[in-house]
>>> print(open('query-v4.cif').read())   # mmCIF, C-alpha atoms
data_structure
loop_
_atom_site.label_atom_id
_atom_site.label_comp_id
_atom_site.auth_asym_id
_atom_site.auth_seq_id
_atom_site.Cartn_x
_atom_site.Cartn_y
_atom_site.Cartn_z
CA MET A 15 27.04 8.40 38.87
CA ASN A 16 30.13 8.60 36.76
CA GLU A 17 31.42 10.68 33.88
CA TYR A 18 29.30 8.75 31.36
CA THR A 19 25.94 9.02 33.10
CA TYR A 20 24.87 12.28 31.50
CA PRO A 21 26.08 11.47 27.98
CA ILE A 22 24.28 8.12 28.11
CA LEU A 23 21.11 9.70 29.45
CA PHE A 24 21.34 12.35 26.77
CA GLY A 25 21.71 9.71 24.05
CA ILE A 26 18.79 7.67 25.35
CA ILE A 27 16.50 10.68 25.63
CA THR A 28 17.31 12.07 22.17
CA GLY A 29 16.91 8.62 20.63
CA THR A 30 13.55 8.01 22.28
CA VAL A 31 12.29 11.49 21.42
CA LEU A 32 13.35 10.93 17.80
CA ARG A 33 11.37 7.68 17.72
CA MET A 34 8.31 9.51 19.07
CA LEU A 35 8.67 12.22 16.45
CA MET A 36 8.85 9.61 13.71
CA LEU A 37 5.76 7.87 15.05
CA ARG A 38 3.08 9.84 13.32
CA THR A 39 -0.47 8.66 13.19
CA ASP A 40 -2.05 9.95 10.02
CA TYR A 41 -5.03 9.01 7.89
CA ARG A 42 -3.69 5.51 7.43
CA GLN A 43 -4.25 5.08 11.13
CA TYR A 44 -1.25 2.93 11.64
CA PRO A 45 0.05 2.29 14.25
CA THR A 46 -3.23 2.47 16.10
CA TYR A 47 -3.56 4.34 19.33
CA LEU A 48 -1.81 3.61 22.58
CA HIS A 49 -0.95 -0.06 22.48
CA GLY A 50 0.75 0.00 19.13
CA LYS A 51 2.49 3.22 20.09
CA ILE A 52 3.69 1.92 23.44
CA ILE A 53 5.32 -1.05 21.70
CA HIS A 54 7.19 1.18 19.29
CA VAL A 55 8.23 3.80 21.83
CA SER A 56 9.55 1.05 24.11
CA LEU A 57 11.50 -0.52 21.27
CA GLY A 58 12.80 2.92 20.40
CA PHE A 59 13.94 3.32 23.99
CA ILE A 60 15.82 0.01 23.80
CA ALA A 61 17.40 1.04 20.50
CA ALA A 62 18.43 4.39 21.95
CA SER A 63 19.97 2.69 24.99
CA LEU A 64 22.02 0.42 22.75
CA GLY A 65 23.23 3.32 20.63
CA ALA A 66 24.12 5.40 23.66
CA LEU A 67 26.18 2.63 25.26
CA ILE A 68 28.61 2.11 22.38
CA ILE A 69 30.90 5.09 22.97
CA PRO A 70 31.26 4.62 26.75
CA ALA A 71 32.02 0.94 26.11
CA ILE A 72 34.80 1.86 23.69
CA MET A 73 36.13 4.52 26.07
CA GLU A 74 36.39 1.94 28.81
CA LYS A 75 38.26 -0.37 26.41
CA ASP A 76 35.43 -2.84 26.76
CA TYR A 77 35.45 -3.72 23.09
CA THR A 78 33.51 -6.94 23.32
CA ALA A 79 30.53 -4.99 24.61
CA VAL A 80 30.02 -3.74 21.08
CA THR A 81 29.01 -7.24 20.02
CA ILE A 82 25.69 -6.53 21.71
CA LEU A 83 24.85 -4.65 18.52
CA THR A 84 24.40 -7.98 16.77
CA VAL A 85 21.70 -8.78 19.29
CA ALA A 86 20.16 -5.43 18.42
CA ALA A 87 20.10 -6.28 14.73
CA THR A 88 18.31 -9.58 15.42
CA GLN A 89 15.92 -7.82 17.76
CA PHE A 90 14.89 -5.25 15.20
CA ARG A 91 14.57 -7.74 12.41
CA GLU A 92 12.02 -9.26 14.72
CA VAL A 93 10.20 -5.91 14.75
CA ARG A 94 9.83 -6.22 11.00
CA ASN A 95 8.46 -9.74 11.31
CA MET A 96 6.06 -8.63 13.98
CA GLU A 97 4.71 -5.79 11.86
CA ARG A 98 4.44 -7.99 8.81
CA ASN A 99 2.58 -10.73 10.67
CA THR A 100 0.15 -8.39 12.37
CA LEU A 101 -0.68 -6.51 9.19
CA SER A 102 -1.01 -9.68 7.10
CA GLU A 103 -3.39 -11.19 9.65
CA VAL A 104 -5.57 -8.11 9.66
CA ASP A 105 -5.40 -7.63 5.90
CA ASP A 106 -7.89 -10.41 5.13
CA PHE A 107 -10.59 -8.47 6.92
CA GLU A 108 -10.07 -5.15 5.18
CA LEU A 109 -12.75 -4.24 2.64
CA VAL A 110 -9.97 -3.19 0.33
CA SER A 111 -6.78 -4.96 1.34
CA ARG A 112 -3.39 -3.28 1.71
CA GLY A 113 -1.57 -5.89 -0.28
CA LYS A 114 1.71 -7.62 0.53
CA THR A 115 3.98 -5.00 -1.03
CA TYR A 116 2.50 -2.20 1.04
CA ILE A 117 2.76 -4.28 4.21
CA GLU A 118 6.39 -5.08 3.44
CA GLY A 119 7.04 -1.37 2.91
CA ILE A 120 5.54 -0.50 6.29
CA ALA A 121 7.47 -3.31 8.02
CA ILE A 122 10.76 -2.20 6.48
CA SER A 123 10.29 1.37 7.60
CA PHE A 124 9.53 0.28 11.16
CA GLU A 125 12.77 -1.67 11.27
CA SER A 126 14.87 1.06 9.72
CA ARG A 127 13.50 3.71 12.06
CA ASN A 128 14.99 1.81 14.98
CA TYR A 129 18.40 1.89 13.30
CA LEU A 130 18.07 5.63 12.81
CA VAL A 131 17.38 5.87 16.54
CA ILE A 132 20.53 3.88 17.31
CA ILE A 133 22.61 6.17 15.09
CA THR A 134 21.13 9.32 16.63
CA ALA A 135 21.77 8.09 20.18
CA PHE A 136 25.30 7.09 19.15
CA VAL A 137 26.09 10.48 17.60
CA GLY A 138 24.49 12.35 20.51
CA THR A 139 26.55 10.50 23.10
CA LEU A 140 29.75 10.80 21.06
CA VAL A 141 29.44 14.55 20.63
CA TYR A 142 28.47 15.00 24.28
CA ILE A 143 31.56 13.13 25.48
CA LEU A 144 33.96 14.76 23.01
CA THR A 145 32.71 18.33 23.30
CA ASN A 146 29.90 19.75 25.39
CA PRO A 147 26.11 19.46 25.80
CA ILE A 148 25.35 22.40 23.51
CA PHE A 149 27.08 20.81 20.54
CA ALA A 150 25.41 17.53 21.42
CA VAL A 151 21.99 19.16 21.15
CA ILE A 152 22.96 20.66 17.79
CA ALA A 153 24.19 17.26 16.59
CA ALA A 154 20.92 15.64 17.70
CA VAL A 155 18.89 18.24 15.80
CA ILE A 156 21.00 17.66 12.67
CA CYS A 157 20.42 13.90 13.08
CA TYR A 158 16.69 14.56 13.29
CA PHE A 159 16.68 16.41 10.00
CA ILE A 160 18.84 13.77 8.32
CA SER A 161 16.45 11.07 9.57
CA LYS A 162 13.55 13.07 8.22
CA ILE A 163 15.14 13.22 4.79
CA LEU A 164 15.98 9.52 4.91
CA MET A 165 12.49 8.53 6.00
CA SER A 166 10.54 10.54 3.47
CA GLY A 167 10.18 8.52 0.31
CA SER A 168 8.60 10.06 -2.74
CA THR A 169 4.87 10.08 -3.34
CA LEU A 170 2.94 9.33 -6.49
CA LYS A 171 2.40 12.97 -7.46
CA ASP A 172 6.16 13.27 -7.99
CA ILE A 173 6.17 10.62 -10.68
CA VAL A 174 2.73 10.69 -12.34
CA ASP A 175 0.01 13.00 -13.62
CA ILE A 176 -3.50 12.29 -12.37
CA GLU A 177 -6.59 13.07 -14.41
CA TYR A 178 -10.30 12.58 -13.72
CA LYS A 179 -12.24 10.64 -16.34
CA GLU A 180 -15.92 9.77 -16.39
CA LEU A 181 -16.70 6.04 -16.27
CA HIS A 182 -18.62 4.62 -19.18
CA PHE A 183 -20.04 1.32 -20.36
CA GLU A 184 -19.71 -0.25 -23.77
CA GLY A 185 -22.23 -3.06 -23.63
CA ALA A 186 -21.35 -4.92 -20.46
CA GLY A 187 -17.76 -3.67 -20.40
CA LEU A 188 -16.82 -0.96 -17.91
CA TYR A 189 -14.22 1.50 -19.19
CA VAL A 190 -12.15 4.36 -17.78
CA ASP A 191 -11.16 6.39 -20.83
CA ASN A 192 -10.07 3.62 -23.21
CA ILE A 193 -8.95 1.20 -20.52
CA TYR A 194 -11.15 -1.85 -20.00
CA ILE A 195 -11.83 -2.52 -16.33
CA MET A 196 -14.29 -5.42 -16.13
CA ASN A 197 -17.49 -6.99 -17.39
CA ILE A 198 -20.58 -6.13 -15.38
CA GLY A 199 -23.71 -8.04 -16.34
CA LEU A 200 -26.60 -6.60 -14.35
CA PRO A 201 -28.14 -3.27 -15.39
CA GLU A 202 -28.81 -2.64 -11.70
CA ARG A 203 -25.06 -2.74 -11.01
CA HIS A 204 -24.44 -0.46 -14.00
CA LYS A 205 -26.62 2.15 -12.34
CA GLU A 206 -24.85 1.79 -8.99
CA ILE A 207 -21.46 2.06 -10.58
CA GLN A 208 -22.41 5.10 -12.61
CA LYS A 209 -23.83 6.71 -9.52
CA TYR A 210 -21.04 5.95 -7.06
CA GLY A 211 -18.01 5.12 -9.16
CA MET A 212 -15.24 7.46 -10.19
CA GLY A 213 -12.55 6.96 -12.79
CA PHE A 214 -9.02 8.32 -12.88
CA ILE A 215 -6.21 8.03 -15.37
CA ILE A 216 -2.69 7.88 -13.98
CA LYS A 217 -0.12 8.93 -16.55
CA PRO A 218 3.50 7.98 -15.91
CA LYS A 219 6.04 10.76 -16.45
CA ASP A 220 8.92 8.60 -17.67
CA ILE A 221 10.03 5.04 -18.42
CA ASN A 222 11.00 4.27 -14.80
CA THR A 223 7.57 5.13 -13.52
CA ILE A 224 5.81 3.01 -16.13
CA ASN A 225 7.28 -0.06 -14.48
CA THR A 226 6.88 1.23 -10.96
CA ILE A 227 3.17 1.94 -11.20
CA ALA A 228 2.55 -1.26 -13.12
CA ASN A 229 3.54 -3.19 -9.99
CA LEU A 230 0.45 -4.92 -8.61
CA GLY A 231 1.40 -4.11 -5.03
CA GLN A 232 1.74 -0.44 -5.88
CA ARG A 233 -1.69 -0.49 -7.52
CA GLN A 234 -3.26 -2.18 -4.51
CA ALA A 235 -1.68 0.47 -2.27
CA ILE A 236 -3.39 3.19 -4.34
CA LEU A 237 -6.77 1.47 -3.99
CA HIS A 238 -6.29 0.92 -0.27
CA ASP A 239 -5.32 4.50 0.42
CA ILE A 240 -8.26 5.91 -1.52
CA SER A 241 -10.65 3.58 0.27
CA VAL A 242 -9.25 4.53 3.66
CA ALA A 243 -9.24 8.26 3.03
CA LEU A 244 -12.53 8.62 1.15
CA GLY A 245 -14.50 5.57 2.27
CA VAL A 246 -15.65 2.77 0.01
CA PHE A 247 -19.07 1.86 -1.36
CA ARG A 248 -19.03 -1.90 -0.94
CA ASP A 249 -19.60 -4.74 1.47
CA SER A 250 -18.52 -8.33 1.81
CA GLY A 251 -20.41 -10.40 -0.73
CA THR A 252 -20.54 -7.71 -3.40
CA PRO A 253 -17.54 -8.59 -5.54
CA ALA A 254 -19.01 -6.63 -8.45
CA LEU A 255 -18.31 -3.44 -6.49
CA THR A 256 -14.59 -4.00 -6.18
CA PRO A 257 -12.30 -1.05 -6.89
CA LEU A 258 -9.85 -2.04 -9.61
CA ILE A 259 -6.88 -0.69 -11.48
CA LYS A 260 -6.11 -1.88 -14.97
CA ARG A 261 -3.27 -0.99 -17.26
CA ASP A 262 -3.14 0.28 -20.81
CA LEU A 263 -0.63 -2.05 -22.41
CA ASP A 264 0.21 0.49 -25.11
CA ASP A 265 1.61 3.28 -23.02
CA GLY A 266 1.54 2.06 -19.43
CA ARG A 267 -1.18 4.40 -18.22
CA LEU A 268 -3.35 3.12 -15.39
CA GLY A 269 -7.14 3.27 -15.31
CA VAL A 270 -8.33 3.56 -11.73
CA PHE A 271 -11.89 2.59 -10.92
CA VAL A 272 -12.93 3.43 -7.35
CA LEU A 273 -16.17 3.68 -5.40
CA PRO A 274 -15.54 6.35 -2.77
CA GLN A 275 -18.17 7.53 -0.33
CA ILE A 276 -16.87 11.08 -0.48
CA ARG A 277 -17.17 11.90 -4.15
CA ASP A 278 -14.89 14.89 -4.39
CA ILE A 279 -12.65 14.91 -7.45
CA GLU A 280 -10.02 17.26 -6.06
CA LYS A 281 -9.75 15.37 -2.77
CA ALA A 282 -9.48 12.07 -4.58
CA LYS A 283 -6.69 13.42 -6.79
CA GLU A 284 -4.87 14.66 -3.70
CA VAL A 285 -5.19 11.27 -2.01
CA ILE A 286 -3.89 9.43 -5.07
CA GLY A 287 -1.01 11.90 -5.27
CA ALA A 288 -0.12 11.30 -1.63
CA VAL A 289 0.16 7.51 -1.97
CA PRO A 290 3.73 6.55 -1.11
CA VAL A 291 5.86 5.06 -3.87
CA LEU A 292 6.65 1.64 -2.43
CA GLU A 293 10.32 0.82 -2.17
CA SER A 294 9.91 -2.67 -3.51
CA ALA A 295 7.95 -1.41 -6.52
CA ILE A 296 10.59 1.06 -7.72
CA ARG A 297 12.29 0.04 -10.94
CA MET A 298 15.04 1.90 -12.75
CA PRO A 299 15.26 0.64 -16.32
CA SER A 300 16.83 3.96 -17.33
CA GLN A 301 19.87 2.94 -15.28
CA SER A 302 20.33 -0.18 -17.36
CA LYS A 303 23.39 -0.01 -19.59
CA SER A 304 21.87 -1.64 -22.63
CA HIS A 305 18.88 0.68 -22.45
CA ASN A 306 21.09 3.73 -22.29
CA LYS A 307 23.04 2.52 -25.27
CA GLU A 308 19.81 2.49 -27.21
CA VAL A 309 18.72 5.88 -26.00
CA HIS A 310 22.02 7.69 -26.45
CA GLY A 311 23.07 5.74 -29.52
CA LYS A 312 26.42 4.85 -27.97
CA MET B 10 -3.56 -26.92 -9.07
CA ILE B 11 -5.86 -24.41 -7.43
CA ILE B 12 -8.69 -23.19 -9.62
CA GLU B 13 -9.12 -19.53 -8.83
CA LYS B 14 -12.04 -18.70 -11.02
CA ALA B 15 -15.06 -20.85 -11.74
CA ILE B 16 -18.33 -20.42 -13.54
CA LEU B 17 -20.95 -21.08 -10.90
CA ALA B 18 -24.03 -20.79 -13.07
CA VAL B 19 -25.20 -20.00 -16.57
CA ILE B 20 -28.43 -18.07 -17.07
CA THR B 21 -29.85 -17.84 -20.53
CA LEU B 22 -32.86 -17.10 -22.71
CA ASN B 23 -31.62 -19.25 -25.55
CA GLU B 24 -31.51 -22.89 -24.57
CA SER B 25 -30.13 -24.05 -27.89
CA LYS B 26 -26.80 -22.31 -27.46
CA ILE B 27 -25.61 -23.94 -24.27
CA SER B 28 -24.87 -27.24 -22.65
CA GLY B 29 -22.31 -28.54 -20.20
CA GLY B 30 -21.21 -28.80 -16.60
CA ALA B 31 -22.29 -25.65 -14.82
CA PRO B 32 -25.84 -25.35 -13.49
CA ILE B 33 -27.96 -23.86 -16.24
CA PHE B 34 -31.00 -21.67 -15.61
CA ILE B 35 -33.32 -21.10 -18.52
CA CYS B 36 -35.50 -18.03 -18.36
CA GLU B 37 -38.41 -16.78 -20.42
CA THR B 38 -37.96 -13.01 -20.37
CA LYS B 39 -35.13 -10.54 -20.05
CA LYS B 40 -36.60 -9.33 -16.77
CA GLU B 41 -36.67 -12.82 -15.34
CA LEU B 42 -33.10 -13.34 -16.55
CA GLU B 43 -31.90 -10.29 -14.66
CA GLN B 44 -33.79 -11.23 -11.52
CA VAL B 45 -32.44 -14.75 -11.46
CA ALA B 46 -28.93 -13.48 -12.16
CA ALA B 47 -29.14 -10.88 -9.37
CA ASN B 48 -30.34 -13.51 -6.93
CA ILE B 49 -27.63 -15.99 -7.80
CA GLU B 50 -25.03 -13.23 -7.57
CA ALA B 51 -26.19 -12.31 -4.08
CA ILE B 52 -26.38 -15.91 -2.93
CA THR B 53 -23.03 -17.09 -4.26
CA ASP B 54 -21.01 -13.88 -3.75
CA GLY B 55 -20.06 -14.11 -7.39
CA ILE B 56 -20.16 -11.54 -10.17
CA VAL B 57 -22.67 -11.60 -13.03
CA HIS B 58 -21.00 -11.13 -16.39
CA ALA B 59 -22.87 -10.65 -19.63
CA LEU B 60 -21.56 -12.60 -22.59
CA SER B 61 -24.42 -11.40 -24.75
CA ASP B 62 -27.88 -9.94 -24.18
CA GLU B 63 -29.37 -13.37 -23.64
CA LEU B 64 -26.49 -15.15 -21.93
CA TYR B 65 -25.23 -14.32 -18.43
CA ILE B 66 -22.72 -16.23 -16.34
CA VAL B 67 -22.00 -16.00 -12.62
CA VAL B 68 -18.29 -16.23 -11.88
CA LYS B 69 -16.57 -16.67 -8.55
CA HIS B 70 -13.36 -14.61 -8.53
#
>>> encode(input="query-v4.cif", output="structure tokens")
Amino acid sequence: MNEYTYPILFGIITGTVLRMLMLRTDYRQYPTYLHGKIIHVSLGFIAASLGALIIPAIMEKDYTAVTILTVAATQFREVRNMERNTLSEVDDFELVSRGKTYIEGIAISFESRNYLVIITAFVGTLVYILTNPIFAVIAAVICYFISKILMSGSTLKDIVDIEYKELHFEGAGLYVDNIYIMNIGLPERHKEIQKYGMGFIIKPKDINTINTIANLGQRQAILHDISVALGVFRDSGTPALTPLIKRDLDDGRLGVFVLPQIRDIEKAKEVIGAVPVLESAIRMPSQSKSHNKEVHGK
Amino acid sequence: MIIEKAILAVITLNESKISGGAPIFICETKKELEQVAANIEAITDGIVHALSDELYIVVKH
């Protein structure tokens, strides 16, 4: 026991607790129970330990000890690889796949959460050593809220309007509103699709979102989330019953064709609205200088 | 080059309008056409598309 024992312990505990709080299992059911969670809590514990050790190392003038952070960075990049590999392996066997962009988004957030843990443990230990435990607890709580803000990306309902539209056929062509989805030949399939299918129109609110929702990965994420939350009426070997999203080239609206098992319009709208906007799908053409020149006439 | 989509079969009522590489199934009635198409769809895991009332193709996507 020395003067640093309690601050380090404090840092490790707050860091690990933060990781647990960020590890929510929701309808996406990822990470799965127990084993997946144990992996992430353990990694969070390691991250917290690293973060907590920095300040004592500096206090003891042991500056080279800080280089261990580089090891940490490598370690957590590995976390991202691990997540990506696992999810990609499993993705082939999903009835409606997640898609690479969604997987990348999940992997990135798992890596970054560990860095947030390091920062929290670092701040907790620092405040504990400089002031007293009460301030350290306050600092940890502030860190928690900052992490929460940093970790919550926007969802689709922030950037689009969602509208229910009846599916209809023109000849063999399946349409949602005026957006062509695909050609279905058999009358038998027509009946199934009219019975089980639902159509939605996703209207972008501005020019940035037109490009964001046009991203194929973002579209696949929408289909995956609906299929997970509401079930899906399909099986392997029935490619005609594949949920699809097609785009109206004129104005960038999306026509969503899904086959949910729970056919509740309001629920489906809610689920679509709750789909995360994927980081790698976000585009900001309105930030482009030439575009602004055009818009503002400068 | 990887070919992603391929026409696996052509099912038709009108023999005179088709020829070529894919297996061709000629049917007598609309009902038979639909039955054959449904069977081939199930067997090949493809999708039946209608080009016209008397011409269906099965495509592997």
>>> residues_near_point(input="query-v4.cif", point="(-8.7, -3.7, -18.4)", cutoff="12 Å", atoms="all atoms listed in the file", output="list in words")
Gly187, Leu188, Tyr189, Val190, Asp191, Asn192, Ile193, Tyr194, Ile195, Met196, Asn197, Leu258, Ile259, Lys260, Arg261, Asp262, Leu263, Asp264, Gly266, Arg267, Leu268, Gly269, Val270 and Phe271 of chain A
>>> residues_around(input="query-v4.cif", residues="Thr53 of chain B", least_positions_apart="6", cutoff="12 Å", atoms="all atoms listed in the file", output="short mmCIF file (atom, residue, chain, number, x, y, z; two decimals) with C-alpha atoms, keeping the file's coordinate frame")
data_model
loop_
_atom_site.label_atom_id
_atom_site.label_comp_id
_atom_site.auth_asym_id
_atom_site.auth_seq_id
_atom_site.Cartn_x
_atom_site.Cartn_y
_atom_site.Cartn_z
CA SER A 250 -18.52 -8.33 1.81
CA GLY A 251 -20.41 -10.40 -0.73
CA THR A 252 -20.54 -7.71 -3.40
CA PRO A 253 -17.54 -8.59 -5.54
CA ALA A 254 -19.01 -6.63 -8.45
CA ALA B 15 -15.06 -20.85 -11.74
CA ILE B 16 -18.33 -20.42 -13.54
CA LEU B 17 -20.95 -21.08 -10.90
CA ALA B 18 -24.03 -20.79 -13.07
CA ALA B 46 -28.93 -13.48 -12.16
CA ALA B 47 -29.14 -10.88 -9.37
CA VAL B 67 -22.00 -16.00 -12.62
CA VAL B 68 -18.29 -16.23 -11.88
CA LYS B 69 -16.57 -16.67 -8.55
CA HIS B 70 -13.36 -14.61 -8.53
#
>>> interface_residues(input="query-v4.cif", of="chain B", to="chain A", cutoff="12 Å", atoms="all atoms listed in the file", output="PyMOL selection string")
chain B and resi 20+39-70
>>> resolve_selection(input="query-v4.cif", expression="the PyMOL selection byres ((chain A and resi 26-39) around 10)", output="ChimeraX atom specification")
/A:20-25,40-47,51-52,54-67,124,127-128,130-139,150-151,154-155,157-158,161-162,165
>>> residues_around(input="query-v4.cif", residues="segment 220-233 of chain A", least_positions_apart="2", cutoff="10 Å", atoms="only C-alpha atoms", output="PyMOL selection string")
chain A and resi 112-118+170+172-174+216-218+235-238+258-263+265-268+270+289-301
>>> resolve_selection(input="query-v4.cif", expression="the PyMOL selection byres ((chain A and resi 212) around 6)", output="list in words")
Gly211, Gly213, Phe271 and Val272 of chain A
>>> atom_distance(input="query-v4.cif", atom1="atom CA of Lys171 of chain A", atom2="atom CA of Gly287 of chain A")
4.2 Å
>>> resolve_selection(input="query-v4.cif", expression="the PyMOL selection byres ((chain B and resi 33) around 10)", output="number ranges by chain")
B: 17-21, 24, 27-32, 34-36, 66
>>> atom_distance(input="query-v4.cif", atom1="atom CA of Leu48 of chain A", atom2="atom CA of Leu244 of chain A")
24.5 Å
>>> residues_near_point(input="query-v4.cif", point="(-8.2, 10.8, 1.8)", cutoff="8 Å", atoms="all atoms listed in the file", output="list of chain:residue names")
A:Tyr41, A:Asp239, A:Ile240, A:Ser241, A:Val242, A:Ala243, A:Leu244, A:Lys281, A:Ala282, A:Glu284, A:Val285
>>> atom_distance(input="query-v4.cif", atom1="atom CA of Ile69 of chain A", atom2="atom CA of Phe159 of chain A")
22.3 Å
